[in-house]
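What follows is input12.cif (mmCIF, C-alpha atoms and all ligand atoms).
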```
data_protein
loop_
_atom_site.label_atom_id
_atom_site.label_comp_id
_atom_site.auth_asym_id
_atom_site.auth_seq_id
_atom_site.Cartn_x
_atom_site.Cartn_y
_atom_site.Cartn_z
CA MET A 24 -37.38 -14.18 -19.97
CA ASN A 25 -36.36 -13.52 -16.37
CA CYS A 26 -33.43 -11.34 -15.39
CA ASP A 27 -32.01 -9.71 -12.27
CA LEU A 28 -32.08 -6.02 -13.17
CA ILE A 29 -33.40 -3.77 -15.90
CA ILE A 30 -32.38 -0.13 -16.20
CA HIS A 31 -35.01 1.38 -18.47
CA SER A 32 -36.36 4.55 -20.09
CA ALA A 33 -32.92 6.18 -20.38
CA ALA A 34 -32.66 9.32 -22.49
CA GLN A 35 -29.41 7.91 -23.85
CA LEU A 36 -27.34 4.74 -23.66
CA VAL A 37 -23.75 4.83 -24.88
CA THR A 38 -21.95 1.50 -25.24
CA CYS A 39 -18.37 2.65 -26.01
CA ALA A 40 -18.08 -0.73 -27.75
CA SER A 41 -15.18 -1.11 -30.14
CA ALA A 42 -15.69 -2.70 -33.55
CA ASN A 43 -12.52 -4.78 -33.49
CA ASN A 44 -12.15 -6.02 -29.88
CA GLY A 45 -9.17 -3.72 -29.44
CA PRO A 46 -8.89 -0.14 -28.20
CA LYS A 47 -10.42 2.59 -30.35
CA ARG A 48 -8.17 4.65 -32.60
CA GLY A 49 -8.49 7.65 -34.87
CA HIS A 50 -11.98 8.47 -36.09
CA ASP A 51 -13.55 5.58 -34.15
CA MET A 52 -12.84 7.50 -30.98
CA ARG A 53 -15.57 9.94 -31.97
CA ASP A 54 -18.17 7.19 -31.79
CA VAL A 55 -19.57 6.44 -28.33
CA GLY A 56 -22.06 3.86 -29.61
CA ASP A 57 -25.24 5.80 -28.86
CA ILE A 58 -27.78 3.03 -29.44
CA ALA A 59 -30.73 5.37 -29.89
CA ASN A 60 -28.74 7.33 -32.48
CA GLY A 61 -31.13 9.23 -34.67
CA ASN A 62 -34.46 7.83 -33.45
CA HIS A 63 -34.38 9.23 -29.90
CA LEU A 64 -36.07 6.17 -28.44
CA PRO A 65 -35.57 5.64 -24.71
CA ALA A 66 -33.02 2.88 -24.11
CA ALA A 67 -32.64 0.02 -21.63
CA ILE A 68 -30.19 -2.63 -20.49
CA ALA A 69 -30.92 -6.02 -18.90
CA ILE A 70 -28.59 -7.83 -16.50
CA SER A 71 -28.39 -11.35 -15.11
CA ASP A 72 -25.75 -13.03 -12.93
CA GLY A 73 -23.60 -9.91 -13.04
CA GLN A 74 -23.48 -9.85 -16.83
CA ILE A 75 -25.12 -7.77 -19.52
CA ILE A 76 -27.69 -9.89 -21.37
CA ALA A 77 -29.53 -7.36 -23.55
CA ILE A 78 -29.35 -3.75 -24.70
CA GLY A 79 -31.90 -1.96 -26.85
CA PRO A 80 -34.98 0.25 -27.06
CA SER A 81 -36.66 0.42 -23.67
CA ASP A 82 -40.04 -0.86 -24.90
CA ASP A 83 -38.49 -3.96 -26.46
CA ILE A 84 -36.32 -4.81 -23.44
CA CYS A 85 -39.22 -4.30 -21.02
CA ALA A 86 -41.47 -6.51 -23.18
CA ASP A 87 -38.86 -9.28 -23.48
CA TYR A 88 -37.62 -9.44 -19.87
CA GLN A 89 -39.21 -9.78 -16.42
CA ALA A 90 -36.81 -8.21 -13.93
CA LYS A 91 -36.51 -8.82 -10.18
CA HIS A 92 -35.36 -5.21 -9.79
CA SER A 93 -35.64 -2.18 -12.02
CA ILE A 94 -34.29 1.36 -12.17
CA ASP A 95 -36.11 4.12 -14.02
CA ALA A 96 -33.45 6.16 -15.84
CA SER A 97 -35.84 8.69 -17.42
CA GLY A 98 -33.95 11.80 -18.45
CA LYS A 99 -30.61 10.12 -17.65
CA THR A 100 -27.73 8.51 -19.49
CA ILE A 101 -26.50 4.92 -19.14
CA CYS A 102 -22.72 4.62 -19.57
CA PRO A 103 -20.08 1.95 -19.01
CA GLY A 104 -18.43 2.13 -15.57
CA LEU A 105 -15.30 4.27 -15.81
CA ILE A 106 -11.85 2.68 -15.65
CA ASP A 107 -8.97 4.47 -13.93
CA PRO A 108 -5.85 2.79 -15.35
CA HIS A 109 -3.13 4.68 -13.41
CA THR A 110 -3.30 5.60 -9.72
CA HIS A 111 -1.08 5.81 -6.68
CA LEU A 112 -4.03 5.53 -4.26
CA ILE A 113 -2.13 3.91 -1.37
CA TYR A 114 0.06 6.26 0.66
CA ALA A 115 0.16 7.99 4.01
CA GLY A 116 -0.01 11.72 4.66
CA ASP A 117 -0.29 14.48 2.12
CA ARG A 118 1.92 17.04 0.36
CA VAL A 119 -0.05 20.21 1.01
CA ALA A 120 3.03 22.12 2.19
CA GLU A 121 4.94 21.17 -0.96
CA TRP A 122 1.99 22.23 -3.05
CA GLU A 123 2.28 25.71 -1.56
CA MET A 124 5.99 25.70 -2.47
CA LYS A 125 5.04 24.77 -6.02
CA LEU A 126 2.56 27.64 -6.09
CA ARG A 127 5.46 29.92 -5.26
CA GLY A 128 7.38 28.60 -8.25
CA VAL A 129 9.51 25.69 -6.98
CA ALA A 130 9.57 22.93 -9.64
CA TYR A 131 8.43 19.33 -9.07
CA LEU A 132 11.85 17.88 -10.02
CA GLU A 133 13.63 20.44 -7.79
CA ILE A 134 11.66 19.23 -4.78
CA LEU A 135 12.38 15.60 -5.69
CA ALA A 136 16.11 16.29 -6.13
CA ALA A 137 16.20 17.98 -2.71
CA GLY A 138 14.90 14.82 -1.01
CA GLY A 139 11.25 15.84 -0.87
CA GLY A 140 8.46 14.78 -3.20
CA ILE A 141 8.10 11.02 -3.59
CA VAL A 142 10.66 10.51 -0.79
CA SER A 143 8.64 12.54 1.70
CA THR A 144 5.59 10.34 1.00
CA MET A 145 7.89 7.31 1.27
CA ARG A 146 8.79 8.34 4.83
CA ALA A 147 5.16 8.74 5.86
CA THR A 148 4.19 5.49 4.14
CA ARG A 149 6.97 3.41 5.71
CA ALA A 150 5.98 4.71 9.14
CA ALA A 151 2.26 4.08 8.73
CA GLY A 152 1.82 0.30 8.75
CA ILE A 153 -0.60 -1.69 6.62
CA ALA A 154 -3.79 -1.02 8.60
CA ALA A 155 -3.31 2.75 8.50
CA LEU A 156 -2.51 2.66 4.77
CA VAL A 157 -5.74 0.79 4.08
CA ALA A 158 -7.74 3.10 6.35
CA GLN A 159 -6.39 6.21 4.62
CA ALA A 160 -6.91 4.82 1.13
CA LYS A 161 -10.45 3.53 1.61
CA PRO A 162 -12.19 6.95 1.51
CA ARG A 163 -10.18 7.77 -1.62
CA LEU A 164 -11.40 4.63 -3.36
CA ASP A 165 -14.94 5.35 -2.13
CA THR A 166 -14.77 8.80 -3.71
CA LEU A 167 -13.31 7.48 -6.95
CA MET A 168 -16.16 4.97 -7.15
CA ARG A 169 -18.78 7.62 -6.32
CA ASN A 170 -17.32 9.46 -9.31
CA GLY A 171 -18.06 6.47 -11.51
CA VAL A 172 -14.95 4.30 -11.33
CA THR A 173 -15.72 0.58 -11.32
CA THR A 174 -12.16 -0.68 -11.99
CA CYS A 175 -8.98 0.98 -10.82
CA GLU A 176 -5.28 0.22 -10.98
CA ILE A 177 -3.19 0.95 -7.87
CA LYS A 178 0.61 1.15 -7.77
CA THR A 179 3.13 0.66 -4.99
CA GLY A 180 6.12 3.02 -5.10
CA TYR A 181 6.18 4.76 -1.73
CA GLY A 182 7.88 1.86 0.08
CA LEU A 183 11.15 1.74 -1.89
CA SER A 184 12.58 -1.14 0.16
CA LEU A 185 11.82 -4.86 -0.01
CA GLU A 186 9.73 -4.87 3.18
CA ALA A 187 7.92 -1.63 2.51
CA GLU A 188 7.06 -2.45 -1.11
CA LEU A 189 5.67 -5.85 -0.03
CA ALA A 190 3.70 -4.07 2.71
CA MET A 191 2.23 -1.72 0.11
CA LEU A 192 1.16 -4.69 -2.02
CA GLN A 193 -0.53 -6.23 1.01
CA ALA A 194 -2.28 -2.95 1.76
CA ILE A 195 -3.57 -2.71 -1.83
CA GLU A 196 -4.71 -6.31 -1.64
CA GLN A 197 -6.55 -5.78 1.67
CA LEU A 198 -8.29 -2.75 0.26
CA ALA A 199 -9.21 -4.68 -2.88
CA GLN A 200 -10.70 -7.57 -0.89
CA THR A 201 -12.95 -5.32 1.14
CA HIS A 202 -14.09 -2.91 -1.57
CA PRO A 203 -16.65 -3.32 -4.37
CA CYS A 204 -14.37 -1.57 -6.88
CA ASP A 205 -12.17 -3.97 -8.86
CA VAL A 206 -8.51 -3.26 -8.17
CA LEU A 207 -5.50 -4.26 -10.29
CA LEU A 208 -1.99 -4.21 -8.82
CA THR A 209 1.16 -2.65 -10.19
CA LEU A 210 4.62 -2.89 -8.64
CA LEU A 211 6.36 0.50 -8.91
CA ALA A 212 9.38 -0.24 -6.71
CA ALA A 213 11.38 1.81 -9.22
CA HIS A 214 9.56 5.08 -8.51
CA THR A 215 12.71 6.86 -7.36
CA THR A 216 15.94 5.96 -5.56
CA PRO A 217 15.45 5.87 -1.78
CA PRO A 218 17.83 7.87 0.47
CA GLU A 219 19.72 4.70 1.55
CA PHE A 220 20.96 4.36 -2.05
CA LYS A 221 21.46 8.05 -2.81
CA THR A 222 25.11 7.53 -3.71
CA ASP A 223 24.54 4.12 -5.32
CA PRO A 224 21.44 4.29 -7.54
CA ASN A 225 22.47 1.16 -9.46
CA GLY A 226 22.61 -0.64 -6.13
CA TYR A 227 18.92 0.12 -5.75
CA VAL A 228 18.22 -1.14 -9.28
CA ASP A 229 20.03 -4.37 -8.28
CA LEU A 230 17.79 -4.66 -5.23
CA VAL A 231 14.65 -4.12 -7.35
CA VAL A 232 15.76 -6.65 -9.97
CA GLU A 233 17.23 -9.30 -7.70
CA GLN A 234 14.92 -9.15 -4.70
CA ILE A 235 11.88 -6.91 -4.86
CA ILE A 236 10.53 -8.10 -8.24
CA PRO A 237 11.06 -11.83 -7.57
CA GLN A 238 9.56 -11.67 -4.07
CA ALA A 239 6.64 -9.49 -5.15
CA ALA A 240 5.90 -11.91 -8.00
CA ALA A 241 6.09 -14.88 -5.61
CA TRP A 242 3.73 -13.12 -3.18
CA PHE A 243 1.31 -12.40 -6.03
CA ASN A 244 1.37 -15.96 -7.33
CA GLN A 245 0.64 -17.42 -3.89
CA ASN A 246 -2.29 -15.11 -3.36
CA ALA A 247 -5.54 -16.83 -4.25
CA ARG A 248 -7.77 -13.91 -5.13
CA ALA A 249 -10.02 -14.57 -8.10
CA ASN A 250 -9.00 -11.57 -10.16
CA HIS A 251 -5.54 -13.01 -10.53
CA ALA A 252 -6.75 -13.86 -14.00
CA THR A 253 -5.15 -10.44 -14.58
CA PRO A 254 -1.38 -10.42 -14.11
CA MET A 255 0.32 -7.85 -11.90
CA ALA A 256 2.12 -5.07 -13.78
CA CYS A 257 5.63 -3.67 -13.30
CA ASP A 258 6.13 0.07 -13.72
CA VAL A 259 9.14 2.41 -13.65
CA PHE A 260 9.54 6.21 -13.56
CA CYS A 261 11.90 6.95 -16.45
CA GLU A 262 13.04 10.53 -15.79
CA ASN A 263 15.94 12.67 -14.55
CA HIS A 264 16.33 12.15 -10.78
CA ALA A 265 14.53 8.82 -11.17
CA PHE A 266 15.70 6.08 -13.64
CA ASP A 267 17.42 6.36 -16.99
CA VAL A 268 16.52 4.27 -20.01
CA ALA A 269 19.08 1.53 -19.35
CA GLN A 270 17.98 1.15 -15.74
CA ALA A 271 14.31 1.22 -16.74
CA ARG A 272 14.91 -1.50 -19.34
CA ARG A 273 16.60 -3.74 -16.75
CA ILE A 274 13.66 -3.30 -14.41
CA LEU A 275 10.95 -3.96 -16.99
CA MET A 276 12.82 -6.99 -18.36
CA ALA A 277 13.20 -8.43 -14.86
CA GLY A 278 9.49 -7.87 -14.28
CA LYS A 279 8.66 -9.64 -17.52
CA GLN A 280 10.79 -12.62 -16.57
CA HIS A 281 8.63 -12.96 -13.46
CA GLY A 282 5.33 -12.64 -15.32
CA LEU A 283 4.76 -8.93 -14.66
CA THR A 284 3.32 -6.83 -17.50
CA PRO A 285 5.51 -3.81 -18.40
CA LYS A 286 4.22 -0.25 -17.98
CA ILE A 287 6.14 3.01 -17.82
CA HIS A 288 5.99 6.60 -16.52
CA VAL A 289 7.70 8.30 -19.42
CA ASP A 290 8.27 11.73 -21.00
CA GLN A 291 6.69 13.64 -18.13
CA PHE A 292 9.32 16.39 -18.09
CA THR A 293 12.19 15.04 -20.20
CA SER A 294 12.23 12.92 -23.33
CA LEU A 295 15.00 10.38 -22.60
CA GLY A 296 14.06 7.71 -25.15
CA GLY A 297 11.95 5.65 -22.79
CA VAL A 298 9.04 5.21 -25.21
CA GLU A 299 11.15 3.37 -27.78
CA MET A 300 12.63 1.14 -25.08
CA ALA A 301 9.21 0.44 -23.51
CA LEU A 302 7.76 -0.58 -26.88
CA GLU A 303 10.75 -2.88 -27.43
CA VAL A 304 10.00 -4.68 -24.18
CA GLY A 305 6.29 -4.88 -25.07
CA ALA A 306 4.75 -2.34 -22.69
CA LEU A 307 0.99 -2.53 -22.27
CA SER A 308 0.86 1.25 -21.81
CA CYS A 309 3.10 4.32 -21.83
CA ASP A 310 1.90 6.95 -19.38
CA HIS A 311 2.31 10.79 -19.07
CA LEU A 312 3.80 11.56 -22.55
CA ASP A 313 3.77 15.34 -21.98
CA VAL A 314 6.98 15.95 -23.94
CA THR A 315 6.93 12.98 -26.33
CA THR A 316 8.49 13.63 -29.73
CA ALA A 317 6.64 13.19 -33.04
CA ASP A 318 8.88 10.18 -33.81
CA ASP A 319 7.95 8.45 -30.58
CA ARG A 320 4.30 9.29 -31.17
CA ALA A 321 4.56 7.54 -34.55
CA ARG A 322 6.16 4.53 -32.82
CA LEU A 323 3.29 4.41 -30.34
CA ALA A 324 0.74 4.59 -33.15
CA GLN A 325 2.36 1.55 -34.80
CA SER A 326 2.35 -0.44 -31.55
CA SER A 327 -0.33 -2.14 -29.48
CA ALA A 328 0.55 -0.04 -26.41
CA VAL A 329 -2.06 2.37 -25.07
CA ALA A 330 -0.98 6.00 -24.61
CA VAL A 331 -2.26 7.08 -21.19
CA VAL A 332 -2.34 10.84 -20.68
CA LEU A 333 -2.80 12.47 -17.29
CA PRO A 334 -4.07 16.04 -17.64
CA ALA A 335 -4.83 16.44 -13.92
CA VAL A 336 -1.05 16.37 -13.32
CA THR A 337 -0.39 19.26 -15.69
CA PHE A 338 -3.31 21.14 -14.14
CA HIS A 339 -2.12 20.52 -10.56
CA LEU A 340 1.45 21.52 -11.35
CA GLY A 341 0.09 24.74 -12.89
CA SER A 342 1.92 23.92 -16.09
CA HIS A 343 0.84 24.31 -19.70
CA GLN A 344 2.91 21.38 -20.95
CA PHE A 345 -0.07 19.12 -21.69
CA ALA A 346 0.48 15.91 -23.63
CA ASN A 347 -0.42 16.51 -27.26
CA ALA A 348 -3.44 14.23 -26.99
CA ARG A 349 -5.00 15.66 -30.15
CA ALA A 350 -1.96 14.60 -32.19
CA PHE A 351 -1.88 11.19 -30.47
CA ILE A 352 -5.43 10.49 -31.65
CA ASP A 353 -4.96 12.01 -35.10
CA ASP A 354 -1.80 9.95 -35.63
CA GLY A 355 -3.62 6.73 -34.74
CA CYS A 356 -2.55 6.02 -31.16
CA ALA A 357 -4.94 4.30 -28.75
CA LEU A 358 -5.43 7.06 -26.20
CA ALA A 359 -6.66 6.64 -22.63
CA LEU A 360 -7.13 9.11 -19.77
CA SER A 361 -6.46 8.58 -16.08
CA THR A 362 -6.52 10.62 -12.87
CA ASP A 363 -2.99 9.53 -11.80
CA HIS A 364 -4.28 10.12 -8.28
CA ASN A 365 -1.25 10.68 -6.02
CA PRO A 366 -0.37 13.16 -3.26
CA GLY A 367 2.35 15.00 -5.19
CA SER A 368 1.36 15.64 -8.76
CA ALA A 369 -2.39 14.95 -8.92
CA PRO A 370 -4.59 14.75 -5.81
CA CYS A 371 -7.50 14.15 -8.19
CA LEU A 372 -10.36 11.68 -7.63
CA SER A 373 -12.56 12.60 -10.56
CA PRO A 374 -12.22 11.07 -14.04
CA ALA A 375 -14.88 13.55 -15.19
CA LEU A 376 -12.52 16.38 -14.26
CA THR A 377 -9.77 14.78 -16.36
CA MET A 378 -12.23 14.68 -19.28
CA SER A 379 -13.12 18.33 -18.67
CA ILE A 380 -9.46 19.36 -18.78
CA ALA A 381 -8.67 17.12 -21.77
CA CYS A 382 -11.50 18.66 -23.80
CA ARG A 383 -10.53 22.22 -23.01
CA TYR A 384 -6.73 22.11 -23.08
CA GLN A 385 -5.96 19.02 -25.16
CA LYS A 386 -8.74 19.59 -27.70
CA LEU A 387 -10.42 16.22 -27.33
CA ASN A 388 -14.09 16.13 -28.14
CA PRO A 389 -16.38 14.69 -25.44
CA ALA A 390 -16.79 11.36 -27.26
CA GLU A 391 -13.02 10.89 -27.44
CA ALA A 392 -12.73 11.74 -23.75
CA LEU A 393 -15.39 9.21 -22.76
CA ASN A 394 -13.87 6.42 -24.87
CA ALA A 395 -10.51 7.31 -23.29
CA CYS A 396 -11.99 6.75 -19.81
CA THR A 397 -13.85 3.52 -20.68
CA ILE A 398 -12.91 1.08 -23.43
CA ASN A 399 -9.39 2.42 -24.06
CA ALA A 400 -8.64 2.67 -20.34
CA ALA A 401 -9.71 -0.97 -19.99
CA HIS A 402 -7.26 -1.91 -22.75
CA ALA A 403 -4.52 0.03 -20.95
CA LEU A 404 -4.98 -2.58 -18.21
CA GLY A 405 -5.32 -5.59 -20.53
CA ILE A 406 -8.97 -6.17 -19.54
CA GLY A 407 -10.78 -4.67 -22.53
CA ASN A 408 -12.40 -8.05 -23.24
CA LYS A 409 -14.20 -7.99 -19.85
CA VAL A 410 -15.05 -4.37 -19.01
CA GLY A 411 -14.96 -0.85 -20.46
CA SER A 412 -18.02 -1.10 -22.72
CA LEU A 413 -21.66 -2.14 -22.58
CA GLU A 414 -21.88 -5.32 -24.65
CA ILE A 415 -23.70 -8.60 -24.20
CA GLY A 416 -21.58 -10.98 -22.12
CA LYS A 417 -19.49 -8.26 -20.51
CA GLN A 418 -19.38 -7.61 -16.77
CA ALA A 419 -22.34 -5.42 -15.76
CA ASP A 420 -20.32 -2.42 -14.56
CA ILE A 421 -22.53 0.53 -15.36
CA ILE A 422 -23.05 4.13 -14.29
CA ILE A 423 -26.16 6.25 -14.61
CA ILE A 424 -25.47 9.91 -15.27
CA ASN A 425 -27.96 12.48 -14.04
CA ALA A 426 -28.10 14.25 -17.42
CA PRO A 427 -29.80 13.39 -20.72
CA ASP A 428 -26.56 13.29 -22.73
CA TYR A 429 -23.09 11.80 -21.96
CA ARG A 430 -21.40 15.05 -22.98
CA HIS A 431 -22.50 16.64 -19.71
CA LEU A 432 -19.85 14.52 -17.96
CA ALA A 433 -17.10 16.65 -19.49
CA TYR A 434 -19.17 19.79 -20.01
CA GLN A 435 -20.05 20.36 -16.36
CA PHE A 436 -17.28 20.41 -13.79
CA GLY A 437 -16.84 20.82 -10.08
CA GLY A 438 -19.73 18.53 -9.18
CA ASN A 439 -20.52 14.88 -9.70
CA LEU A 440 -23.19 13.83 -12.18
CA VAL A 441 -22.83 10.12 -11.44
CA GLN A 442 -26.01 9.04 -9.70
CA TYR A 443 -25.84 5.22 -9.67
CA VAL A 444 -22.77 3.00 -9.73
CA ILE A 445 -23.64 -0.59 -10.62
CA LYS A 446 -20.92 -3.15 -10.06
CA ASN A 447 -21.25 -6.74 -11.30
CA GLY A 448 -24.95 -6.13 -11.80
CA ALA A 449 -25.68 -4.83 -8.28
CA VAL A 450 -26.12 -1.25 -7.11
CA ALA A 451 -22.87 -0.41 -5.29
CA MET A 452 -23.43 3.31 -4.69
CA VAL A 453 -26.21 5.86 -5.06
CA ASN A 454 -25.45 9.57 -4.90
CA GLY A 455 -28.00 12.09 -3.76
O1 LIG A 501 2.67 9.80 -11.86
N1 LIG A 501 5.80 11.04 -11.89
C1 LIG A 501 5.99 10.20 -11.05
N2 LIG A 501 5.10 9.64 -10.24
C2 LIG A 501 3.83 10.20 -9.90
C3 LIG A 501 3.94 11.27 -8.85
C4 LIG A 501 4.30 10.69 -7.55
C5 LIG A 501 4.46 11.70 -6.47
O2 LIG A 501 4.82 12.86 -6.71
O3 LIG A 501 4.23 11.28 -5.33
C6 LIG A 501 3.13 10.67 -11.14
O4 LIG A 501 3.00 11.87 -11.42
FE FE A 502 1.82 8.11 -11.86
#
```
Could you show the structure in this file as structure tokens?
Amino acid sequence: MNCDLIIHSAAQLVTCASANNGPKRGHDMRDVGDIANGNHLPAAIAISDGQIIAIGPSDDICADYQAKHSIDASGKTICPGLIDPHTHLIYAGDRVAEWEMKLRGVAYLEILAAGGGIVSTMRATRAAGIAALVAQAKPRLDTLMRNGVTTCEIKTGYGLSLEAELAMLQAIEQLAQTHPCDVLLTLLAAHTTPPEFKTDPNGYVDLVVEQIIPQAAAWFNQNARANHATPMACDVFCENHAFDVAQARRILMAGKQHGLTPKIHVDQFTSLGGVEMALEVGALSCDHLDVTTADDRARLAQSSAVAVVLPAVTFHLGSHQFANARAFIDDGCALALSTDHNPGSAPCLSPALTMSIACRYQKLNPAEALNACTINAAHALGIGNKVGSLEIGKQADIIIINAPDYRHLAYQFGGNLVQYVIKNGAVAMVNG
């Protein structure tokens, strides 16, 4: 049979496929779907029209298929493309000076309360204009993709006015249209209260509910881009100095009424009860979870929501308050990992680094970390049926790791082992 591309002779091929079409939980997270398991036969994958059409021992695939193009993956590992389900990739400027303050002991919430933090990036972002936002974000997305990311979520949240939030959506959309990485949009107008509403935070919630959400949803629905098969999401930062549970509920409910999928930043520093509320409104994911209680963890385990943990944030803030990812898995939650790339709490562009930290400080094993960056991360975005694993019929988003075993991704750190990034069946990037 003819096909477009064969990647053959790989030392290992891990599918990350889930047995039940949902995210992996509990013991299943320790299984990466190593197809050569036991027999150590070199593995291969065949691709046609951007889709995976066959996976198996290299000799069989090479005998069955005649490929237009081929890649020799001898000594290397074939993995699903990584999914980054939580980023704030669009913004202007940086927060290097604040980072130095944090190194001297000033807390993240102290800086936010004093009108810095998210608000300082808001000022830079409002002043930048769409073209500059896209230009500044493009190298970030390039780097993320060079590090293996084939699908990435990007949030607004540094506009914090009707005009500026819509401008951020347009910037994300322009970036998405000109970049090989798939991009999903999330409206995070409720990231914090902007200075104009400092004395009237509920006035800002009114603006988000009555104007920003409806107009953002209308903009999204009029936009013809193909990947609108995936709805936009609506996120809120539920935290002291941001939004309380009642405000967050109003925002997520308003989003839902306009077709936006609920997501939440919750339990980063303070457990306010946001997990219970988010599950009531049907959140697709609950993200951060550094201080989540055992009761809320049990609620998450009973729900369909994915628990997205962000160890690069804890690392960057020099804290030791890591989400109890070990307990999340052991209690049966669907756990995913993300970079949370943003200028304030995680200027991180490497999912492999998040795996490295999660293994060392959150006691994940490497298989759990990889599943958390692939199939479970895809489910945190509601696209686990299309991407996140290597299975026949799925989108051919694949990375080739320059190591004979997937565990090297989390074992080594400080470099980049991703050699090929294949997007929709075509080579999008080659490193080295
Ligand atoms: O996910 N915690 C709130 N939001 C972002 C940080 C945003 C910022 O500091 O600019 C986060 O950590
Ligand atoms: Fe975030």
- [ ] Find, counting only C-alpha atoms and all ligand atoms, the residue in A:Asp229, A:Asp51, A:Glu262, A:Asp310 that gets nearest to ligand FE 502 (chain A).
- [x]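 Nearest candidate to ligand FE 502 (chain A) out of A:Asp229, A:Asp51, A:Glu262, A:Asp310: A:Asp310.
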- [ ] List all protein, DNA and RNA residues that have at least one atom no more than 6 Å from any atom of ligand LIG 501 (chain A), counting all atoms listed in the file, and write them as a list in words.
- [x]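 For ligand LIG 501 (chain A), the residues inside 6 Å are Gly140, Ile141, Phe260, Asp363, Asn365, Pro366, Gly367 and Ser368 of chain A.
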- [ ] Could you please extract the residues within 7 Å of ligand FE 502 (chain A), counting all atoms listed in the file, and hand them back as number ranges by chain?
- [x] A: 109-111, 288, 363
Task: Nearest to Asn394 of chain A by atom-to-atom distance, counting all atoms listed in the file, from A:Thr201, A:Thr315, A:Ser41, A:Gln193 - done: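 Smallest separation from Asn394 of chain A among the options: A:Ser41.
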- [ ] Counting only C-alpha atoms, figure out which residue out of A:Cys371, A:Leu307, A:Ala357, A:Leu132 gets nearest to Arg163 of chain A.
- [x]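 Looking at the shortest contact to Arg163 of chain A, the residue is A:Cys371.
The gap separating atom CA of Thr397 of chain A from atom CA of Leu112 of chain A is 19.2 Å, in Å to one decimal.
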Open item on the list: Taking 3 positions as the minimum chain separation for residues in the same chain, which residues sit within 7 Å of Arg53 of chain A when counting all atoms listed in the file? Answer as a PyMOL selection string.
Closed with: chain A and resi 50+390-391
I need the chosen residues saved as a CSV table (one decimal), keeping the file's coordinate frame, with C-alpha atoms.
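The file below, again39.csv, is the result:
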```csv
chain,number,residue,atom,x,y,z
A,50,HIS,CA,-12.0,8.5,-36.1
A,390,ALA,CA,-16.8,11.4,-27.3
A,391,GLU,CA,-13.0,10.9,-27.4
```
Open item on the list: If I take atom CA of Lys47 of chain A and atom CA of Gly355 of chain A, how far is one from the other in Å, to one decimal?
Closed with: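 About the pair atom CA of Lys47 of chain A and atom CA of Gly355 of chain A: they are 9.1 Å apart.
In this comparison, which uses all atoms listed in the file, the residue of A:Cys26, A:Val172, A:Val410, A:Ala328 approaching Val441 of chain A most closely is A:Val172.
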Task: Distance of atom CA of His431 of chain A from atom CA of Ala392 of chain A, expressed in Å to one decimal place - done: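 Straight-line distance from atom CA of Ala392 of chain A to atom CA of His431 of chain A works out to 11.7 Å.
The shell of residues at most 10 Å from Pro254 of chain A, with only C-alpha atoms counted and near chain neighbours (fewer than 3 positions) removed, consists of A:Leu207, A:Leu208, A:Thr209, A:Ala240, A:Phe243, A:Asn244, A:Asn250, A:His251, A:Cys257, A:Gly282, A:Leu283, A:Thr284, A:Leu404, A:Gly405.
With all atoms listed in the file taken into account, the protein and nucleic acid residues at most 9 Å from Ile84 of chain A (excluding it and anything under 4 positions from it in its own chain) are Ile29, His31, Ala66, Ala67, Ile68, Ala69, Ala77, Ile78, Gly79, Pro80 and Tyr88 of chain A.
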For C-alpha atoms, I'd like the residues from the last selection saved as an mmCIF file, in the coordinates of the input.
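This is the output file out_0.cif:
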```cif
data_model
loop_
_atom_site.group_PDB
_atom_site.id
_atom_site.type_symbol
_atom_site.label_atom_id
_atom_site.label_comp_id
_atom_site.auth_asym_id
_atom_site.auth_seq_id
_atom_site.Cartn_x
_atom_site.Cartn_y
_atom_site.Cartn_z
ATOM 1 C CA ILE A 29 -33.400 -3.770 -15.900
ATOM 2 C CA HIS A 31 -35.010 1.380 -18.470
ATOM 3 C CA ALA A 66 -33.020 2.880 -24.110
ATOM 4 C CA ALA A 67 -32.640 0.020 -21.630
ATOM 5 C CA ILE A 68 -30.190 -2.630 -20.490
ATOM 6 C CA ALA A 69 -30.920 -6.020 -18.900
ATOM 7 C CA ALA A 77 -29.530 -7.360 -23.550
ATOM 8 C CA ILE A 78 -29.350 -3.750 -24.700
ATOM 9 C CA GLY A 79 -31.900 -1.960 -26.850
ATOM 10 C CA PRO A 80 -34.980 0.250 -27.060
ATOM 11 C CA TYR A 88 -37.620 -9.440 -19.870
#
```
Open item on the list: Need the shell around Ile106 of chain A: protein/DNA/RNA residues with any atom at most 12 Å away, counting only C-alpha atoms. Skip same-chain ones fewer than 6 positions apart. Format as JSON, numbers by chain?
Closed with: {"A": [167, 168, 170, 171, 172, 173, 174, 175, 176, 177, 204, 205, 206, 207, 331, 359, 360, 361, 362, 363, 373, 374, 375, 393, 394, 395, 396, 397, 398, 399, 400, 401, 402, 403, 404, 405, 406, 407, 409, 410, 411, 412, 420, 421, 422]}
TODO: Would you kindly identify which residues have an atom no farther than 12 Å from (-30.9, -14.5, -11.7), using all atoms listed in the file and the file's own coordinates, and write them out as a ChimeraX atom specification?
DONE: /A:24-29,69-76,88-92,448-449
